[in-house]
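Here is query-v1.cif, consisting of mmCIF, C-alpha atoms:
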```cif
data_model
#
loop_
_atom_site.label_atom_id
_atom_site.label_comp_id
_atom_site.auth_asym_id
_atom_site.auth_seq_id
_atom_site.Cartn_x
_atom_site.Cartn_y
_atom_site.Cartn_z
CA MET A 1 32.23 40.67 -94.21
CA GLU A 2 31.78 42.83 -97.32
CA SER A 3 28.38 43.30 -98.87
CA VAL A 4 27.68 41.69 -102.24
CA SER A 5 27.53 45.10 -103.95
CA ALA A 6 30.96 46.05 -102.54
CA VAL A 7 32.37 42.76 -103.82
CA ASP A 8 30.68 43.32 -107.21
CA LYS A 9 32.18 46.81 -107.50
CA LYS A 10 35.65 45.38 -106.97
CA ASN A 11 35.04 42.60 -109.50
CA LYS A 12 36.28 43.90 -112.85
CA ASN A 13 34.59 41.00 -114.69
CA LEU A 14 31.13 42.52 -114.40
CA LYS A 15 29.73 44.63 -117.21
CA ARG A 16 28.83 48.28 -116.81
CA GLU A 17 25.21 49.00 -115.98
CA ASP A 18 25.15 52.57 -117.29
CA TYR A 19 25.60 51.97 -121.02
CA LEU A 20 23.29 53.47 -123.65
CA SER A 21 20.32 51.51 -124.99
CA TRP A 22 20.16 51.10 -128.77
CA ASP A 23 17.48 53.80 -128.96
CA GLU A 24 19.58 56.19 -126.87
CA TYR A 25 22.69 55.43 -128.93
CA PHE A 26 21.09 56.00 -132.33
CA MET A 27 19.18 59.08 -131.19
CA ALA A 28 22.43 60.46 -129.75
CA LEU A 29 24.03 59.95 -133.17
CA SER A 30 21.11 61.81 -134.76
CA ILE A 31 21.51 64.70 -132.34
CA LEU A 32 25.29 64.70 -132.81
CA SER A 33 24.77 64.80 -136.60
CA SER A 34 22.44 67.77 -136.19
CA LEU A 35 25.39 69.73 -134.82
CA ARG A 36 26.86 69.69 -138.36
CA SER A 37 23.92 71.82 -139.57
CA LYS A 38 24.64 75.49 -140.15
CA ASP A 39 20.98 76.46 -139.82
CA PRO A 40 20.77 79.19 -137.17
CA ASN A 41 17.21 78.24 -136.14
CA THR A 42 16.55 74.53 -136.54
CA ARG A 43 19.16 71.78 -136.46
CA VAL A 44 17.96 68.28 -137.27
CA GLY A 45 19.85 65.01 -137.52
CA ALA A 46 18.77 61.59 -138.75
CA CYS A 47 20.19 58.08 -138.58
CA ILE A 48 18.93 55.00 -140.47
CA VAL A 49 19.57 51.63 -138.85
CA ASN A 50 18.96 48.11 -140.13
CA SER A 51 17.58 45.13 -138.23
CA GLU A 52 21.10 44.16 -137.07
CA ASN A 53 21.55 47.62 -135.46
CA ARG A 54 24.00 48.70 -138.14
CA ILE A 55 23.95 52.25 -139.45
CA VAL A 56 23.08 52.39 -143.14
CA GLY A 57 22.56 56.16 -143.50
CA ILE A 58 23.08 59.38 -141.61
CA GLY A 59 22.33 63.02 -142.36
CA TYR A 60 21.56 66.52 -141.15
CA ASN A 61 19.72 69.51 -142.60
CA GLY A 62 21.72 71.70 -144.96
CA PHE A 63 21.99 72.94 -148.53
CA PRO A 64 22.63 70.57 -151.44
CA ALA A 65 26.22 69.60 -152.17
CA GLY A 66 27.84 72.22 -154.38
CA CYS A 67 25.53 75.03 -153.22
CA SER A 68 27.48 77.44 -151.05
CA ASP A 69 25.95 77.98 -147.63
CA ASP A 70 27.52 81.45 -147.75
CA GLU A 71 25.57 82.45 -150.88
CA LEU A 72 22.10 81.12 -150.03
CA PRO A 73 19.85 82.59 -147.33
CA TRP A 74 19.36 81.00 -143.90
CA GLY A 75 16.42 83.21 -142.87
CA ARG A 76 12.83 82.11 -142.31
CA ASP A 77 11.02 85.34 -143.18
CA GLY A 78 10.62 87.30 -146.38
CA ASP A 79 10.06 86.39 -150.01
CA TRP A 80 10.13 82.63 -150.45
CA GLU A 81 13.22 82.61 -152.69
CA ASN A 82 15.03 84.69 -150.06
CA THR A 83 14.40 82.17 -147.27
CA LYS A 84 16.06 78.83 -146.57
CA TYR A 85 12.95 76.80 -147.39
CA PRO A 86 13.32 76.29 -151.15
CA TYR A 87 16.99 75.30 -150.76
CA VAL A 88 17.51 73.24 -147.61
CA CYS A 89 17.65 69.44 -147.73
CA HIS A 90 16.16 67.94 -144.59
CA ALA A 91 18.10 65.49 -142.44
CA GLU A 92 15.79 62.60 -143.39
CA MET A 93 16.39 63.24 -147.10
CA ASN A 94 20.14 63.35 -146.59
CA ALA A 95 20.14 60.16 -144.53
CA ILE A 96 18.13 58.35 -147.22
CA LEU A 97 20.31 59.69 -150.05
CA ASN A 98 23.47 58.80 -148.10
CA SER A 99 22.31 55.21 -147.61
CA ASP A 100 22.36 51.95 -149.53
CA PHE A 101 18.84 52.04 -151.02
CA GLY A 102 18.67 48.28 -151.51
CA ARG A 103 18.72 47.50 -147.80
CA MET A 104 16.08 49.79 -146.26
CA SER A 105 13.00 47.56 -146.22
CA GLU A 106 13.46 46.50 -142.60
CA CYS A 107 15.19 49.65 -141.39
CA ARG A 108 14.16 52.26 -138.87
CA LEU A 109 14.80 55.97 -138.86
CA TYR A 110 15.95 57.90 -135.79
CA VAL A 111 15.34 61.62 -136.20
CA SER A 112 15.63 64.48 -133.74
CA LEU A 113 12.50 66.27 -135.04
CA PHE A 114 9.25 64.67 -136.26
CA PRO A 115 9.31 64.54 -140.09
CA CYS A 116 7.33 66.91 -142.33
CA ASN A 117 5.05 65.73 -145.15
CA GLU A 118 7.81 65.96 -147.79
CA CYS A 119 10.13 63.78 -145.72
CA ALA A 120 7.25 61.41 -144.95
CA LYS A 121 6.87 60.74 -148.67
CA MET A 122 10.58 59.91 -148.98
CA ILE A 123 10.49 57.73 -145.86
CA ILE A 124 7.52 55.77 -147.18
CA GLN A 125 8.95 55.41 -150.70
CA SER A 126 12.32 54.23 -149.37
CA GLY A 127 10.66 51.33 -147.51
CA LEU A 128 11.50 52.38 -143.95
CA LYS A 129 9.20 50.71 -141.42
CA GLN A 130 9.62 52.74 -138.24
CA VAL A 131 10.28 56.37 -137.29
CA ILE A 132 11.65 57.10 -133.83
CA TYR A 133 11.74 60.79 -132.94
CA ILE A 134 12.48 62.79 -129.81
CA SER A 135 10.92 66.20 -130.57
CA ASP A 136 7.44 66.91 -131.90
CA LYS A 137 7.79 70.68 -132.05
CA TYR A 138 4.95 71.40 -134.51
CA PRO A 139 2.16 68.82 -133.94
CA THR A 140 -0.65 71.13 -135.13
CA ASP A 141 1.07 72.33 -138.31
CA GLN A 142 -0.58 70.90 -141.46
CA LYS A 143 2.74 69.52 -142.78
CA PHE A 144 3.06 67.30 -139.74
CA ILE A 145 -0.62 66.34 -139.53
CA THR A 146 -0.38 65.27 -143.18
CA ALA A 147 2.81 63.32 -142.46
CA ARG A 148 1.06 61.41 -139.66
CA ARG A 149 -1.83 60.59 -141.99
CA MET A 150 0.52 59.21 -144.66
CA PHE A 151 2.52 57.22 -142.10
CA LYS A 152 -0.69 55.65 -140.81
CA LEU A 153 -1.88 54.76 -144.31
CA ALA A 154 1.52 53.26 -145.17
CA GLY A 155 1.74 51.25 -141.94
CA ILE A 156 4.81 53.08 -140.65
CA THR A 157 5.26 52.66 -136.91
CA LEU A 158 5.85 55.91 -135.02
CA LYS A 159 7.59 56.02 -131.65
CA LYS A 160 8.21 59.12 -129.57
CA MET A 161 11.34 58.45 -127.59
CA THR A 162 11.39 59.45 -123.96
CA VAL A 163 14.31 61.60 -122.91
CA PRO A 164 16.87 59.57 -120.94
CA LYS A 165 17.12 60.38 -117.25
CA GLU A 166 20.83 61.08 -117.43
CA PRO A 167 22.39 63.49 -119.94
CA VAL A 168 24.83 62.17 -122.51
CA THR A 169 27.94 64.32 -122.62
CA ILE A 170 30.78 64.10 -125.09
CA ASN A 171 33.96 65.69 -123.87
CA PHE A 172 36.75 65.28 -126.39
CA SER A 173 39.40 65.99 -123.76
CA ASP A 174 38.34 62.82 -121.88
CA TRP A 175 39.95 60.82 -124.71
CA VAL A 176 43.24 62.68 -124.97
#
```
As structure tokens - that is how I would like this structure written.
Amino acid sequence: MESVSAVDKKNKNLKREDYLSWDEYFMALSILSSLRSKDPNTRVGACIVNSENRIVGIGYNGFPAGCSDDELPWGRDGDWENTKYPYVCHAEMNAILNSDFGRMSECRLYVSLFPCNECAKMIIQSGLKQVIYISDKYPTDQKFITARRMFKLAGITLKKMTVPKEPVTINFSDWV
């Protein structure tokens, strides 16, 4: 007599058990979006999702549309105007600007790196209610301490996502 698990494995009517959770799915999309960034040091992706788990905005860090990423600097050191900092649009900003502003009051933001103070202001002003992040690379930097303070004052829920036990791999050749 076969065991129940052996019978279950043969039964094609059972659903898979190894699918991504919503948090894993949307964070994976954020990380995948970050791969569009041309920044040689820090790649960040963001995904805004509504209460029905539908994507309403997505973005990654890069220069503004129409500004050539071949003509502006990508460096972090030197005179301010010769670094990336005055030019780059953060992933959170791009996700918000790429979204339908009228539908963000009950949305949550998935972002691969904890937001800075400038992004925190945009997140709060846009009406987002929750920020889910996977990396908190600079917790003692004033920009991030200030962001946390603003999020707390605005009632924004913060959630550090735990890294899934199994890696998520995308192999395009699997689909050919």
Go through stretch 80-158 of chain A and flag each residue having an atom no more than 6 Å from stretch 24-46 of chain A; for those, report the closest pair of atoms plus their distance in Å to one decimal, using all atoms listed in the file, ordered by chain and rising number, as CSV.
```
residue,atom,partner,partner_atom,distance
A:Ala91,CA,A:Gly45,CA,5.2
A:Glu92,CA,A:Ala46,CA,5.6
A:Tyr110,CA,A:Ala46,CA,5.5
A:Val111,CA,A:Ala46,CA,4.3
A:Ser112,CA,A:Val44,CA,5.7
```
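Distances here use all atoms listed in the file; by that measure, the residue among A:Ile156, A:Ile134, A:Leu20, A:Met150 closest to A:Arg108 is A:Ile156.
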Considering only C-alpha atoms, state which residue in the set A:Val176, A:Val88, A:Ile55, A:Met104 is at the smallest distance from A:Ser68.
->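 Closest to A:Ser68 of all the choices is A:Val88.
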Got a sec: who's within 12 Å of A:Arg149, counting only C-alpha atoms, leaving out chain neighbours fewer than 4 positions off, as a JSON list (two decimals) with C-alpha atoms, keeping the file's coordinate frame?
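Writing the result to out.json gives the following:
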```json
[["chain", "number", "residue", "atom", "x", "y", "z"],
["A", 115, "PRO", "CA", 9.31, 64.54, -140.09],
["A", 116, "CYS", "CA", 7.33, 66.91, -142.33],
["A", 117, "ASN", "CA", 5.05, 65.73, -145.15],
["A", 120, "ALA", "CA", 7.25, 61.41, -144.95],
["A", 121, "LYS", "CA", 6.87, 60.74, -148.67],
["A", 124, "ILE", "CA", 7.52, 55.77, -147.18],
["A", 142, "GLN", "CA", -0.58, 70.90, -141.46],
["A", 143, "LYS", "CA", 2.74, 69.52, -142.78],
["A", 144, "PHE", "CA", 3.06, 67.30, -139.74],
["A", 145, "ILE", "CA", -0.62, 66.34, -139.53],
["A", 153, "LEU", "CA", -1.88, 54.76, -144.31],
["A", 154, "ALA", "CA", 1.52, 53.26, -145.17],
["A", 155, "GLY", "CA", 1.74, 51.25, -141.94],
["A", 156, "ILE", "CA", 4.81, 53.08, -140.65],
["A", 157, "THR", "CA", 5.26, 52.66, -136.91],
["A", 158, "LEU", "CA", 5.85, 55.91, -135.02]]
```
Using all atoms listed in the file, which residue out of A:Pro139, A:Pro73, A:Pro164, A:Pro86 lies closest to A:Phe114?
->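 Among the listed residues, the smallest separation from A:Phe114 belongs to A:Pro139.
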Atom CA of A:Thr140 to atom CA of A:Met122: how many Å, to one decimal?
-> 21.1 Å
Quick one: distance from atom CA of A:Val163 to atom CA of A:Ile48 in Å, one decimal?
->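 About the pair atom CA of A:Val163 and atom CA of A:Ile48: they are 19.3 Å apart.
Counting only C-alpha atoms, the residue from A:Ser21, A:Thr162, A:Ser135, A:Asn94 that sits nearest to A:Gly62 is A:Asn94.
Ranking A:Tyr87, A:Phe172, A:Tyr133, A:Trp80 by their shortest atom-to-atom distance to A:Pro64, with all atoms listed in the file included, puts A:Tyr87 first.
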In Å, with one decimal, what is the gap from atom CA of A:Lys160 to atom CA of A:Arg148?
-> 12.6 Å
Could you check which of A:Asp69, A:Glu118, A:Glu81, A:Glu17 is closest to A:Phe151, using all atoms listed in the file?
-> A:Glu118
Could you tell me which residues the PyMOL selection byres ((chain A and resi 103) around 12) grabs in this file, written as number ranges by chain?
-> A: 48-52, 54-57, 96, 99-102, 104-108, 126-129
Starting from 6 Å padding per side, set up an axis-aligned box that covers all listed atoms of stretch 125-140 of chain A and hand over centre and edge lengths in Å, one decimal, as AutoDock Vina command-line options.
```
--center_x 5.9 --center_y 61.1 --center_z -140.3 --size_x 25.1 --size_y 32.7 --size_z 32.9
```
